[in-house]
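Colleague: Got a structure for you, written out below as structure tokens; questions coming shortly.
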Amino acid sequence: MSGRAIILVVAGIIVISSVILFRIEAASKYIVENSAGYYKKEIAHNIAQSGVNLALRQLGNYRYWRTGFSKLPLLTGKVTVVLFDTTFMGIDSTIGIRSTATVQESTFTSTAFAYFPPSFIPTWLRALITLNRKDGANGNINIDGRDHNPFSAAVNAGQGTYGIWSTASTFNQSGGSTIGGTVLNIDLPPANPALPGVIQLNQTDSIPFPTSPDSAFGGAKSGFPEGMLKAIAKSGVAGSQYTTDPATLSYPLSGVTYVEMPNGSPKWNATNVSGTGILVIHNSAHNANFDNSNGAAFSGIVIGDDVTHLHGDFWGAIMSLSTTSASNVLGNGTANIYYSRKAILNALGMLVNGTQLKVIAWWE
């Protein structure tokens, strides 16, 4: 091979090598850029999801929160979360959550839709006071099944319920006790003796009378499997408390207060009970007694194995689960027991709206 030919071959090899090296470098740069872009996109994806979760947690604490977040720093990027009220899948009062994350030039948007199931009045709260036994009232207790707002004596016309609903055949009204209620949307003021229809006796139902607080709220079918109320009380959500010693309770009560009296000492002499929410007095022997609630001012739902000697003021509804009573008397002194739909809905709203926010769609 001549020298000229050798030079041409070498020059050709150099050119081909340069082209190959250039293409390798270009491919490597593209691979690096692609990998970096994918990484930033995944980080943005994770931040956007975190933004939705932060919003869901904030809504769980306060259902009316719509402020959102603007350019909130998260990881190596920022997230902006916008909340808006809308209708989705035929559900009114749906809350839309749009979370947009930015990591350098990469962006990612995650959108979720959630709603709070409406609060409800448990079907087993058949009256202001629901009983599964023979009982009575004396002293100056005032049992008023007409509807009231919490902590108010004013009547909301035509929206109340019976004063007493009982499976037993008798209810002994004596002393200065007065009982009123709403029958067929007609408000009947508290009286002694009570006006016809205000006290419902010999009541039956195709479903057995509840034997536990959870079953009183409808059981698992209504979202209250056995042990749920106790678990909520132990969680401390919204000020909830669980105790086997009521002396340790902090007042005013809120959320779910679950007092599980020991079997050997089932009576709670409940002095100065005050607050809001759901108050449960129950144990496995079904003999926990809520007794002598002196000076109380409580709004919500009270469910006890045995509820006796009510004193003070209550708004909402009261249910006694047991078939026997320590005294066969709801009150023997001064008390005002008022039915309040709003107090009941507020008490249950803490459970349904605060801890059970439902996510119905999540798009990315």
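Here, A, B, ... name the chains of the structure tokens in the order displayed, residue numbers run from 1 inside each chain, and ligands are numbered from 1 in the same displayed order.
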Taking only range 74-301 of chain A into account, list the residues labelled helix (DSSP H, G or I) by DSSP (computed from the backbone), as a PyMOL selection string.

Modeller: chain A and resi 213-216+219-222+228-235+237-239+246-248

Colleague: Can you write just those residues out, C-alpha atoms, as a compact mmCIF listing (two decimals), in the first residue's frame?

Modeller:
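Below is the file that was written, again.txt:
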# COMPACT_ATOMS: atom_id res chain seq x y z
CA PRO A 213 -72.87 1.56 72.94
CA ASP A 214 -71.64 0.66 69.44
CA SER A 215 -74.79 -1.33 68.65
CA ALA A 216 -76.85 1.63 69.88
CA GLY A 219 -73.28 -1.39 64.78
CA ALA A 220 -70.99 -2.32 61.91
CA LYS A 221 -73.65 -1.58 59.27
CA SER A 222 -73.59 2.08 60.32
CA MET A 228 -65.01 1.54 67.81
CA LEU A 229 -66.17 4.10 70.38
CA LYS A 230 -63.61 2.86 72.89
CA ALA A 231 -60.88 3.01 70.25
CA ILE A 232 -61.81 6.59 69.35
CA ALA A 233 -61.79 7.56 73.02
CA LYS A 234 -58.33 6.02 73.46
CA SER A 235 -57.03 7.84 70.37
CA VAL A 237 -59.02 12.74 68.82
CA ALA A 238 -60.90 16.02 69.37
CA GLY A 239 -60.26 15.83 73.10
CA PRO A 246 -63.63 8.95 86.23
CA ALA A 247 -61.68 11.02 88.78
CA THR A 248 -58.94 11.32 86.15

Colleague: Mind checking which residues fall within 8 Å of Ala55 in chain A, counting only C-alpha atoms, ignoring those fewer than 2 positions away in the same chain, and posting them as a tab-separated table (two decimals) with N, CA and C atoms, in the first residue's frame?

Modeller:
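Written file, around13.tsv:
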chain	number	residue	atom	x	y	z
A	51	GLY	N	-48.77	16.85	49.01
A	51	GLY	CA	-49.64	18.02	49.13
A	51	GLY	C	-51.09	17.63	49.33
A	52	VAL	N	-51.55	16.61	48.58
A	52	VAL	CA	-52.92	16.13	48.76
A	52	VAL	C	-53.10	15.55	50.16
A	53	ASN	N	-52.14	14.76	50.61
A	53	ASN	CA	-52.24	14.16	51.94
A	53	ASN	C	-52.23	15.21	53.05
A	57	ARG	N	-55.33	15.73	55.71
A	57	ARG	CA	-55.12	15.75	57.16
A	57	ARG	C	-55.68	17.04	57.76
A	58	GLN	N	-55.45	18.17	57.09
A	58	GLN	CA	-55.96	19.44	57.60
A	58	GLN	C	-57.49	19.46	57.58
A	59	LEU	N	-58.09	18.90	56.53
A	59	LEU	CA	-59.56	18.82	56.46
A	59	LEU	C	-60.11	17.93	57.56
A	68	GLY	N	-55.68	26.18	51.67
A	68	GLY	CA	-54.68	25.54	50.84
A	68	GLY	C	-53.27	25.97	51.21
A	81	VAL	N	-51.31	23.98	46.77
A	81	VAL	CA	-52.53	23.19	46.90
A	81	VAL	C	-53.74	24.12	46.92
A	97	ILE	N	-59.38	18.79	45.63
A	97	ILE	CA	-58.04	19.13	46.10
A	97	ILE	C	-57.09	19.00	44.91

Colleague: With a distance cut-off of 8 Å and only C-alpha atoms, select the neighbouring residues of Ile278 in chain A, excluding the residue or stretch itself and same-chain residues fewer than 5 positions from it, and output the selection as a PyMOL selection string.

Modeller: chain A and resi 254-257+300-303+347-348

Colleague: Work out how far apart CA of Ile344 in chain A and CA of Gly316 in chain A are and give it in Å to one decimal.

Modeller: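 Between these atoms lies a distance of 5.3 Å.
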
Colleague: What's the separation between CA of His309 in chain A and CA of Tyr242 in chain A, in Å to one decimal place?

Modeller: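 Taking CA of His309 in chain A as the start and CA of Tyr242 in chain A as the end point, the length is 23.1 Å.
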
Colleague: Between A:Gly158, A:Gly304, A:Pro262, A:Gly236, which is the closest to Ala285 in chain A once you count only C-alpha atoms?

Modeller: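 When distances to Ala285 in chain A are compared using only C-alpha atoms, the smallest one comes from A:Pro262.
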
Colleague: Go through range 168-254 of chain A and flag each residue having an atom no more than 12 Å from range 104-120 of chain A; for those, report the closest pair of atoms plus their distance in Å to one decimal, using only C-alpha atoms, ordered by chain and rising number, as a tab-separated table.

Modeller:
residue	atom	partner	partner_atom	distance
A:Phe217	CA	A:Phe120	CA	9.8
A:Gly218	CA	A:Phe120	CA	10.9
A:Ser222	CA	A:Phe120	CA	10.0
A:Gly223	CA	A:Pro117	CA	11.2
